[in-house]
Amino acid sequence: MIMTSPMRRVTLLLLAALVFPTLAWTQSGNGDNGAGERVRDLAQVAGVRSNQVVGYGLVVGLDGSGDQTNQAPFTSQSLQNMLGQLGVTVPPGTNLQLRNVAAVMVHAELPPFAKPGQQIDITVSSIGNARSLRGGSLLMTPLRGADGEVYAMAQGNLVVGGFGVEGRDGSSVTLNVPSVGRIPSGASVEREVPSSFAHGDTVTLNLRRADFTTAHRLVEAINTELGPDMARARDATSVRVRAPVDPDQRVSFVSVLENIRVEPGEQPARVIVNSRTGTIVMGGNVRVLPSAVSHGGLAVTISERFGVVQPAPFSDGETAIIPDSEIDVREGEGRMFPFGPGTSLDEIVQAVNQVGAAPGDLIAILEALHQAGALRAELIVI
């Protein structure tokens with residue numbers, strides 16, 4: 001078998017990286033102090049992803065803080081079904097009043113390439129009216145994926161960060177959320193999720209943020225390091241790279257690929273406004289066309305006074321309290337500040353800070369500039 005020139009260079013780079021790792025990285029120019037961002041920080045390999053699993057279970061051993069079965073009947077029903085599977089027969093019509101049991105939902109994230117026998121962390125959340133899961137133990141719970149198959153089994157003692165106490169007079173104190181807990185390494189993987197990583201003769205890199213400039217520069221950087229025609233861009237997100245078919249060589253190849261440095265394209269000019277919290281984030285490429293902004297405040301003051309009216313001596317009248325309201329409206333001194341052509345982000349911030357505009361005023365100013373066509377950025381309100 002005769003290797004083509006790019007694949008021959010890839011093989012030599014892999015061998016050099018294994019035998020002389022320091023020399024290999026020095027020659028390829030991909031040291032940790034290189035310019036740009038690493039490929040692994042800009043993109044992820046297609047097919048290498050985590051999967052979510054979820055299950056329904058019971059937490060037992062609670063100190064009277066479990067579900068009230070008259071308000072959460074599914075808890076007693078689940079307990080009867082579990083006891084029946086264990087050979088314990090509960091007489092029909094029995095009303096179980098167990099305050100040390102809670103129905104919970106268990107969810108976890110199955111990492112890529114997880115193999116049977118490996119342990120993963122799980123989160124346990126109450127779905128009934130249990131006050132706290134502190135001190136409880138989760139019974140064996142199957143965790144299923146989106147296809148309905150069981151991929152892990154969960155069981156163990158909960159770690160709860162919050163707590164709640166309640167007095168006899170009804171007063172209570174709660175810290176954090178005691179109805180949610182975690183079990184480190186609380187689930188054992190039982191089934192491996194199929195992956196397309198080792199299939200075919202190419203690997204696909206998907207950019208975390210779609211950008212034509214970054215995709216183009218990524219292709220150029222890979223072809224410069226590994227040889228011509230090694231990478232081709234499919235669109236603004238995906239770049240397909242030729243890779244060895246052998247799994248061992250493919251892992252080494254992706255390791256080299258992830259450490260190539262690329263100078264990403266500049267992000268588009270955006271202004272993000274959170275209308276609920278008043279938070280404003282402006283990108284570095286935000287510009288303003290020549291314009292003038294007038295800023296003024298309106299202050300409304302309402303004063304409440306109360307007067308007392310005394311009846312005449314020896315009369316049948318009663319003392320009365322008469323409210324006296326006074327409303328004062330004052331318009332603050334209007335200030336106008338101009339924006340020159342191509343005003344940058346720093347100049348915008350300085351101009352707004354000089355007039356003492358509050359976050360709400362700044363949001364109004366940005367919206368007005370956007371409506372006037374003077375704001376050269378995308379205004380996004382969340």
# chains A, B, ... in the order shown; residues from 1 in each chain; ligands from 1
call {"tool": "select_by_dssp", "arguments": {"residues": "stretch 84-161 of chain A", "states": "strand (DSSP E)", "output": "NGL selection string"}}
result
:A and (101-110 or 119-126 or 137-144 or 150-157)
call {"tool": "write_last_selection", "arguments": {"atoms": "N, CA and C atoms", "output": "short mmCIF file (atom, residue, chain, number, x, y, z; two decimals), in the first residue's frame"}}
result
data_model
loop_
_atom_site.label_atom_id
_atom_site.label_comp_id
_atom_site.auth_asym_id
_atom_site.auth_seq_id
_atom_site.Cartn_x
_atom_site.Cartn_y
_atom_site.Cartn_z
N VAL A 101 -40.30 7.67 53.55
CA VAL A 101 -40.11 7.30 52.16
C VAL A 101 -40.47 8.48 51.28
N ALA A 102 -39.72 8.69 50.22
CA ALA A 102 -39.99 9.79 49.28
C ALA A 102 -39.80 9.29 47.85
N ALA A 103 -40.72 9.66 46.98
CA ALA A 103 -40.58 9.38 45.56
C ALA A 103 -39.68 10.43 44.92
N VAL A 104 -38.76 9.99 44.08
CA VAL A 104 -37.76 10.89 43.52
C VAL A 104 -37.55 10.59 42.04
N MET A 105 -37.03 11.59 41.35
CA MET A 105 -36.54 11.42 39.98
C MET A 105 -35.02 11.50 40.02
N VAL A 106 -34.39 10.58 39.32
CA VAL A 106 -32.94 10.49 39.28
C VAL A 106 -32.48 10.78 37.86
N HIS A 107 -31.54 11.70 37.72
CA HIS A 107 -31.03 11.99 36.38
C HIS A 107 -29.51 12.13 36.43
N ALA A 108 -28.89 11.84 35.31
CA ALA A 108 -27.43 11.87 35.21
C ALA A 108 -27.04 12.12 33.77
N GLU A 109 -25.77 12.40 33.58
CA GLU A 109 -25.23 12.62 32.24
C GLU A 109 -24.20 11.52 31.96
N LEU A 110 -24.47 10.76 30.93
CA LEU A 110 -23.59 9.66 30.55
C LEU A 110 -22.49 10.21 29.65
N GLN A 119 -18.35 4.26 36.88
CA GLN A 119 -19.26 4.96 37.78
C GLN A 119 -19.48 6.39 37.31
N ILE A 120 -20.72 6.88 37.49
CA ILE A 120 -21.06 8.26 37.15
C ILE A 120 -21.82 8.89 38.32
N ASP A 121 -21.76 10.20 38.42
CA ASP A 121 -22.49 10.92 39.47
C ASP A 121 -23.95 11.08 39.06
N ILE A 122 -24.82 11.11 40.07
CA ILE A 122 -26.25 11.26 39.80
C ILE A 122 -26.83 12.35 40.70
N THR A 123 -27.96 12.92 40.26
CA THR A 123 -28.70 13.91 41.03
C THR A 123 -30.08 13.36 41.33
N VAL A 124 -30.50 13.49 42.58
CA VAL A 124 -31.78 12.95 43.04
C VAL A 124 -32.66 14.12 43.48
N SER A 125 -33.89 14.20 42.93
CA SER A 125 -34.80 15.31 43.22
C SER A 125 -36.16 14.76 43.63
N SER A 126 -36.71 15.31 44.70
CA SER A 126 -38.02 14.89 45.17
C SER A 126 -39.11 15.38 44.23
N SER A 137 -31.47 7.05 51.67
CA SER A 137 -30.74 6.14 50.78
C SER A 137 -31.61 5.84 49.57
N LEU A 138 -31.04 5.95 48.41
CA LEU A 138 -31.75 5.64 47.17
C LEU A 138 -31.68 4.15 46.90
N LEU A 139 -32.85 3.55 46.67
CA LEU A 139 -32.89 2.13 46.31
C LEU A 139 -32.60 1.96 44.82
N MET A 140 -32.27 0.75 44.42
CA MET A 140 -31.84 0.46 43.06
C MET A 140 -32.82 1.01 42.04
N THR A 141 -32.32 1.90 41.19
CA THR A 141 -33.14 2.60 40.22
C THR A 141 -32.53 2.48 38.83
N PRO A 142 -33.24 1.92 37.85
CA PRO A 142 -32.72 1.87 36.48
C PRO A 142 -32.81 3.25 35.82
N LEU A 143 -31.76 3.63 35.12
CA LEU A 143 -31.71 4.90 34.40
C LEU A 143 -31.80 4.62 32.91
N ARG A 144 -32.78 5.23 32.25
CA ARG A 144 -33.05 4.97 30.85
C ARG A 144 -32.69 6.17 29.99
N VAL A 150 -32.18 0.69 29.24
CA VAL A 150 -31.50 0.93 30.51
C VAL A 150 -30.00 1.01 30.27
N TYR A 151 -29.40 2.15 30.66
CA TYR A 151 -27.97 2.35 30.44
C TYR A 151 -27.18 2.40 31.74
N ALA A 152 -27.85 2.54 32.87
CA ALA A 152 -27.13 2.59 34.15
C ALA A 152 -28.09 2.21 35.27
N MET A 153 -27.50 1.76 36.39
CA MET A 153 -28.26 1.44 37.60
C MET A 153 -27.74 2.30 38.73
N ALA A 154 -28.69 2.96 39.45
CA ALA A 154 -28.31 3.90 40.50
C ALA A 154 -28.73 3.37 41.86
N GLN A 155 -27.89 3.65 42.87
CA GLN A 155 -28.19 3.29 44.25
C GLN A 155 -27.11 3.89 45.15
N GLY A 156 -27.50 4.27 46.37
CA GLY A 156 -26.51 4.78 47.30
C GLY A 156 -27.09 5.78 48.28
N ASN A 157 -26.23 6.30 49.15
CA ASN A 157 -26.61 7.27 50.18
C ASN A 157 -26.47 8.69 49.64
#
call {"tool": "residues_around", "arguments": {"residues": "A:Ala377", "least_positions_apart": "2", "cutoff": "9 Å", "atoms": "only C-alpha atoms", "output": "PyMOL selection string"}}
result
chain A and resi 268-271+283+285-288+370+375+379
call {"tool": "write_last_selection", "arguments": {"atoms": "N, CA, C and O atoms", "output": "short mmCIF file (atom, residue, chain, number, x, y, z; two decimals), in the first residue's frame"}}
result
data_model
loop_
_atom_site.label_atom_id
_atom_site.label_comp_id
_atom_site.auth_asym_id
_atom_site.auth_seq_id
_atom_site.Cartn_x
_atom_site.Cartn_y
_atom_site.Cartn_z
N PRO A 268 -19.47 39.05 15.66
CA PRO A 268 -20.27 40.19 15.19
C PRO A 268 -20.59 41.14 16.33
O PRO A 268 -20.60 40.76 17.50
N ALA A 269 -20.83 42.37 15.96
CA ALA A 269 -21.14 43.40 16.96
C ALA A 269 -22.53 43.14 17.53
O ALA A 269 -23.53 43.13 16.80
N ARG A 270 -22.60 42.96 18.84
CA ARG A 270 -23.87 42.69 19.51
C ARG A 270 -23.94 43.48 20.81
O ARG A 270 -22.93 43.68 21.48
N VAL A 271 -25.15 43.87 21.15
CA VAL A 271 -25.44 44.47 22.44
C VAL A 271 -26.53 43.63 23.08
O VAL A 271 -27.64 43.52 22.55
N GLY A 283 -20.32 44.06 22.92
CA GLY A 283 -19.13 43.49 22.31
C GLY A 283 -18.12 44.57 21.93
O GLY A 283 -18.45 45.77 21.87
N ASN A 285 -16.79 45.23 19.10
CA ASN A 285 -16.91 45.79 17.76
C ASN A 285 -18.11 46.72 17.61
O ASN A 285 -18.49 47.07 16.50
N VAL A 286 -18.75 47.10 18.71
CA VAL A 286 -19.91 47.99 18.65
C VAL A 286 -19.44 49.39 18.26
O VAL A 286 -18.51 49.94 18.83
N ARG A 287 -20.12 49.98 17.27
CA ARG A 287 -19.81 51.33 16.82
C ARG A 287 -21.09 52.14 16.74
O ARG A 287 -22.18 51.60 16.60
N VAL A 288 -20.94 53.48 16.83
CA VAL A 288 -22.07 54.39 16.76
C VAL A 288 -21.78 55.45 15.70
O VAL A 288 -20.68 56.01 15.66
N HIS A 370 -30.61 52.53 18.36
CA HIS A 370 -30.91 51.45 17.42
C HIS A 370 -32.06 51.84 16.49
O HIS A 370 -32.02 51.59 15.28
N LEU A 375 -26.85 52.92 15.78
CA LEU A 375 -26.14 51.86 16.49
C LEU A 375 -25.75 50.77 15.50
O LEU A 375 -26.61 50.07 14.96
N LEU A 379 -29.01 44.50 18.40
CA LEU A 379 -29.54 44.71 19.74
C LEU A 379 -30.42 43.50 20.10
O LEU A 379 -31.43 43.24 19.46
#
call {"tool": "atom_distance", "arguments": {"atom1": "atom CA of A:Gln71", "atom2": "atom CA of A:Gly128"}}
result
8.2 Å
call {"tool": "select_by_dssp", "arguments": {"residues": "stretch 123-267 of chain A", "states": "alpha helix (DSSP H)", "output": "tab-separated table (two decimals) with all heavy atoms, in the first residue's frame"}}
result
chain	number	residue	atom	x	y	z
A	212	PHE	N	-18.11	31.69	9.31
A	212	PHE	CA	-17.44	31.35	8.07
A	212	PHE	C	-15.95	31.65	8.14
A	212	PHE	O	-15.13	30.87	7.64
A	212	PHE	CB	-18.08	32.12	6.90
A	212	PHE	CG	-19.44	31.62	6.51
A	212	PHE	CD1	-20.58	32.31	6.89
A	212	PHE	CD2	-19.58	30.46	5.76
A	212	PHE	CE1	-21.84	31.85	6.54
A	212	PHE	CE2	-20.83	30.00	5.40
A	212	PHE	CZ	-21.97	30.70	5.79
A	213	THR	N	-15.59	32.75	8.77
A	213	THR	CA	-14.17	33.11	8.86
A	213	THR	C	-13.39	32.10	9.69
A	213	THR	O	-12.30	31.66	9.30
A	213	THR	CB	-14.03	34.52	9.47
A	213	THR	OG1	-14.74	35.46	8.68
A	213	THR	CG2	-12.56	34.92	9.53
A	214	THR	N	-13.94	31.70	10.82
A	214	THR	CA	-13.26	30.72	11.67
A	214	THR	C	-13.16	29.38	10.96
A	214	THR	O	-12.12	28.71	11.04
A	214	THR	CB	-14.01	30.56	13.00
A	214	THR	OG1	-14.14	31.84	13.63
A	214	THR	CG2	-13.28	29.62	13.92
A	215	ALA	N	-14.20	28.96	10.26
A	215	ALA	CA	-14.15	27.69	9.52
A	215	ALA	C	-13.08	27.74	8.44
A	215	ALA	O	-12.33	26.76	8.24
A	215	ALA	CB	-15.51	27.38	8.92
A	216	HIS	N	-12.97	28.86	7.74
A	216	HIS	CA	-11.95	28.99	6.69
A	216	HIS	C	-10.54	28.95	7.29
A	216	HIS	O	-9.65	28.27	6.76
A	216	HIS	CB	-12.17	30.30	5.93
A	216	HIS	CG	-11.08	30.63	4.96
A	216	HIS	ND1	-10.86	29.90	3.80
A	216	HIS	CD2	-10.13	31.60	4.97
A	216	HIS	CE1	-9.84	30.41	3.14
A	216	HIS	NE2	-9.38	31.45	3.83
A	217	ARG	N	-10.34	29.66	8.39
A	217	ARG	CA	-9.02	29.66	9.02
A	217	ARG	C	-8.69	28.30	9.61
A	217	ARG	O	-7.51	27.90	9.63
A	217	ARG	CB	-8.96	30.74	10.09
A	217	ARG	CG	-9.04	32.16	9.54
A	217	ARG	CD	-9.02	33.19	10.65
A	217	ARG	NE	-9.09	34.55	10.12
A	217	ARG	CZ	-9.14	35.65	10.87
A	217	ARG	NH1	-9.09	35.54	12.19
A	217	ARG	NH2	-9.21	36.84	10.32
A	218	LEU	N	-9.70	27.58	10.08
A	218	LEU	CA	-9.46	26.24	10.61
A	218	LEU	C	-8.97	25.31	9.52
A	218	LEU	O	-8.04	24.52	9.71
A	218	LEU	CB	-10.75	25.70	11.25
A	218	LEU	CG	-10.70	24.28	11.80
A	218	LEU	CD1	-9.63	24.14	12.88
A	218	LEU	CD2	-12.06	23.88	12.37
A	219	VAL	N	-9.58	25.39	8.34
A	219	VAL	CA	-9.14	24.55	7.21
A	219	VAL	C	-7.70	24.90	6.82
A	219	VAL	O	-6.87	24.01	6.59
A	219	VAL	CB	-10.09	24.75	6.01
A	219	VAL	CG1	-9.53	24.08	4.76
A	219	VAL	CG2	-11.47	24.18	6.34
A	220	GLU	N	-7.39	26.19	6.76
A	220	GLU	CA	-6.03	26.60	6.38
A	220	GLU	C	-5.00	26.11	7.41
A	220	GLU	O	-3.91	25.64	7.03
A	220	GLU	CB	-5.97	28.12	6.25
A	220	GLU	CG	-6.66	28.67	5.02
A	220	GLU	CD	-6.42	30.16	4.86
A	220	GLU	OE1	-6.11	30.81	5.88
A	220	GLU	OE2	-6.54	30.67	3.73
A	221	ALA	N	-5.33	26.21	8.71
A	221	ALA	CA	-4.38	25.79	9.74
A	221	ALA	C	-4.13	24.29	9.68
A	221	ALA	O	-2.98	23.83	9.80
A	221	ALA	CB	-4.90	26.19	11.11
A	222	ILE	N	-5.18	23.50	9.46
A	222	ILE	CA	-5.00	22.04	9.40
A	222	ILE	C	-4.21	21.65	8.18
A	222	ILE	O	-3.30	20.81	8.25
A	222	ILE	CB	-6.39	21.34	9.42
A	222	ILE	CG1	-7.08	21.58	10.76
A	222	ILE	CG2	-6.24	19.85	9.16
A	222	ILE	CD1	-8.49	21.03	10.82
A	223	ASN	N	-4.52	22.26	7.03
A	223	ASN	CA	-3.78	21.93	5.80
A	223	ASN	C	-2.33	22.37	5.89
A	223	ASN	O	-1.44	21.73	5.31
A	223	ASN	CB	-4.47	22.57	4.60
A	223	ASN	CG	-5.80	21.93	4.27
A	223	ASN	OD1	-6.03	20.76	4.60
A	223	ASN	ND2	-6.68	22.66	3.61
A	224	THR	N	-2.07	23.47	6.61
A	224	THR	CA	-0.68	23.92	6.77
A	224	THR	C	0.11	22.95	7.66
A	224	THR	O	1.27	22.66	7.38
A	224	THR	CB	-0.65	25.33	7.38
A	224	THR	OG1	-1.34	26.23	6.50
A	224	THR	CG2	0.78	25.81	7.56
A	225	GLU	N	-0.51	22.44	8.71
A	225	GLU	CA	0.18	21.57	9.65
A	225	GLU	C	0.27	20.12	9.15
A	225	GLU	O	1.30	19.47	9.34
A	225	GLU	CB	-0.54	21.59	11.01
A	225	GLU	CG	-0.48	22.92	11.73
A	225	GLU	CD	0.92	23.28	12.16
A	225	GLU	OE1	1.74	22.35	12.36
A	225	GLU	OE2	1.20	24.48	12.31
A	226	LEU	N	-0.79	19.62	8.53
A	226	LEU	CA	-0.84	18.19	8.20
A	226	LEU	C	-0.71	17.90	6.71
A	226	LEU	O	-0.58	16.74	6.34
A	226	LEU	CB	-2.17	17.60	8.72
A	226	LEU	CG	-2.43	17.76	10.22
A	226	LEU	CD1	-3.75	17.11	10.59
A	226	LEU	CD2	-1.30	17.18	11.03
A	247	PRO	N	-8.19	2.50	14.69
A	247	PRO	CA	-8.63	3.25	15.87
A	247	PRO	C	-7.49	3.83	16.69
A	247	PRO	O	-7.58	4.97	17.17
A	247	PRO	CB	-9.43	2.21	16.68
A	247	PRO	CG	-9.86	1.20	15.67
A	247	PRO	CD	-8.76	1.14	14.66
A	248	ASP	N	-6.40	3.07	16.86
A	248	ASP	CA	-5.29	3.57	17.67
A	248	ASP	C	-4.66	4.80	17.01
A	248	ASP	O	-4.37	5.80	17.67
A	248	ASP	CB	-4.26	2.46	17.87
A	248	ASP	CG	-3.11	2.93	18.75
A	248	ASP	OD1	-3.37	3.39	19.87
A	248	ASP	OD2	-1.95	2.84	18.30
A	249	GLN	N	-4.45	4.73	15.69
A	249	GLN	CA	-3.89	5.87	14.99
A	249	GLN	C	-4.86	7.05	14.96
A	249	GLN	O	-4.44	8.20	15.01
A	249	GLN	CB	-3.51	5.47	13.56
A	249	GLN	CG	-2.37	4.46	13.47
A	249	GLN	CD	-2.00	4.16	12.04
A	249	GLN	OE1	-2.57	4.69	11.10
A	249	GLN	NE2	-1.02	3.26	11.87
A	250	ARG	N	-6.15	6.74	14.92
A	250	ARG	CA	-7.14	7.81	14.88
A	250	ARG	C	-7.13	8.60	16.19
A	250	ARG	O	-7.25	9.83	16.19
A	250	ARG	CB	-8.53	7.24	14.62
A	250	ARG	CG	-9.63	8.27	14.67
A	250	ARG	CD	-10.92	7.74	14.10
A	250	ARG	NE	-10.81	7.45	12.69
A	250	ARG	CZ	-11.82	7.53	11.82
A	250	ARG	NH1	-13.01	7.90	12.24
A	250	ARG	NH2	-11.65	7.24	10.55
A	251	VAL	N	-7.00	7.91	17.32
A	251	VAL	CA	-6.94	8.60	18.61
A	251	VAL	C	-5.73	9.52	18.65
A	251	VAL	O	-5.83	10.68	19.08
A	251	VAL	CB	-6.90	7.58	19.76
A	251	VAL	CG1	-6.61	8.28	21.08
A	251	VAL	CG2	-8.22	6.82	19.85
A	252	SER	N	-4.58	9.05	18.22
A	252	SER	CA	-3.37	9.89	18.20
A	252	SER	C	-3.54	11.05	17.23
A	252	SER	O	-3.08	12.16	17.50
A	252	SER	CB	-2.16	9.04	17.81
A	252	SER	OG	-1.97	7.97	18.71
A	253	PHE	N	-4.19	10.78	16.09
A	253	PHE	CA	-4.40	11.84	15.10
A	253	PHE	C	-5.29	12.95	15.66
A	253	PHE	O	-4.99	14.14	15.50
A	253	PHE	CB	-5.02	11.23	13.84
A	253	PHE	CG	-5.43	12.25	12.82
A	253	PHE	CD1	-4.48	12.88	12.03
A	253	PHE	CD2	-6.76	12.59	12.65
A	253	PHE	CE1	-4.85	13.83	11.10
A	253	PHE	CE2	-7.14	13.54	11.73
A	253	PHE	CZ	-6.18	14.16	10.95
A	254	VAL	N	-6.37	12.58	16.34
A	254	VAL	CA	-7.26	13.59	16.91
A	254	VAL	C	-6.55	14.36	18.02
A	254	VAL	O	-6.78	15.56	18.20
A	254	VAL	CB	-8.55	12.93	17.43
A	254	VAL	CG1	-9.42	13.94	18.19
A	254	VAL	CG2	-9.34	12.33	16.28
A	255	SER	N	-5.66	13.70	18.75
A	255	SER	CA	-4.88	14.39	19.77
A	255	SER	C	-4.02	15.49	19.15
A	255	SER	O	-3.92	16.60	19.69
A	255	SER	CB	-4.01	13.40	20.53
A	255	SER	OG	-3.15	14.06	21.44
A	256	VAL	N	-3.38	15.18	18.01
A	256	VAL	CA	-2.59	16.18	17.29
A	256	VAL	C	-3.50	17.27	16.75
A	256	VAL	O	-3.20	18.47	16.83
A	256	VAL	CB	-1.79	15.53	16.16
A	256	VAL	CG1	-1.08	16.59	15.32
A	256	VAL	CG2	-0.77	14.54	16.72
A	257	LEU	N	-4.65	16.86	16.23
A	257	LEU	CA	-5.57	17.80	15.61
A	257	LEU	C	-6.12	18.81	16.62
A	257	LEU	O	-6.23	20.01	16.33
A	257	LEU	CB	-6.72	17.01	14.97
A	257	LEU	CG	-7.66	17.76	14.01
A	257	LEU	CD1	-6.88	18.22	12.79
A	257	LEU	CD2	-8.80	16.85	13.61
A	258	GLU	N	-6.43	18.36	17.83
A	258	GLU	CA	-7.03	19.23	18.83
A	258	GLU	C	-6.08	20.31	19.33
A	258	GLU	O	-6.53	21.33	19.85
A	258	GLU	CB	-7.51	18.41	20.03
A	258	GLU	CG	-8.76	17.60	19.77
A	258	GLU	CD	-9.21	16.86	21.02
A	258	GLU	OE1	-8.36	16.58	21.88
A	258	GLU	OE2	-10.42	16.57	21.12
call {"tool": "closest_residue", "arguments": {"among": "A:Val241, A:Val308, A:Ile183, A:Leu58", "to": "A:Ile321", "atoms": "only C-alpha atoms"}}
result
A:Val308
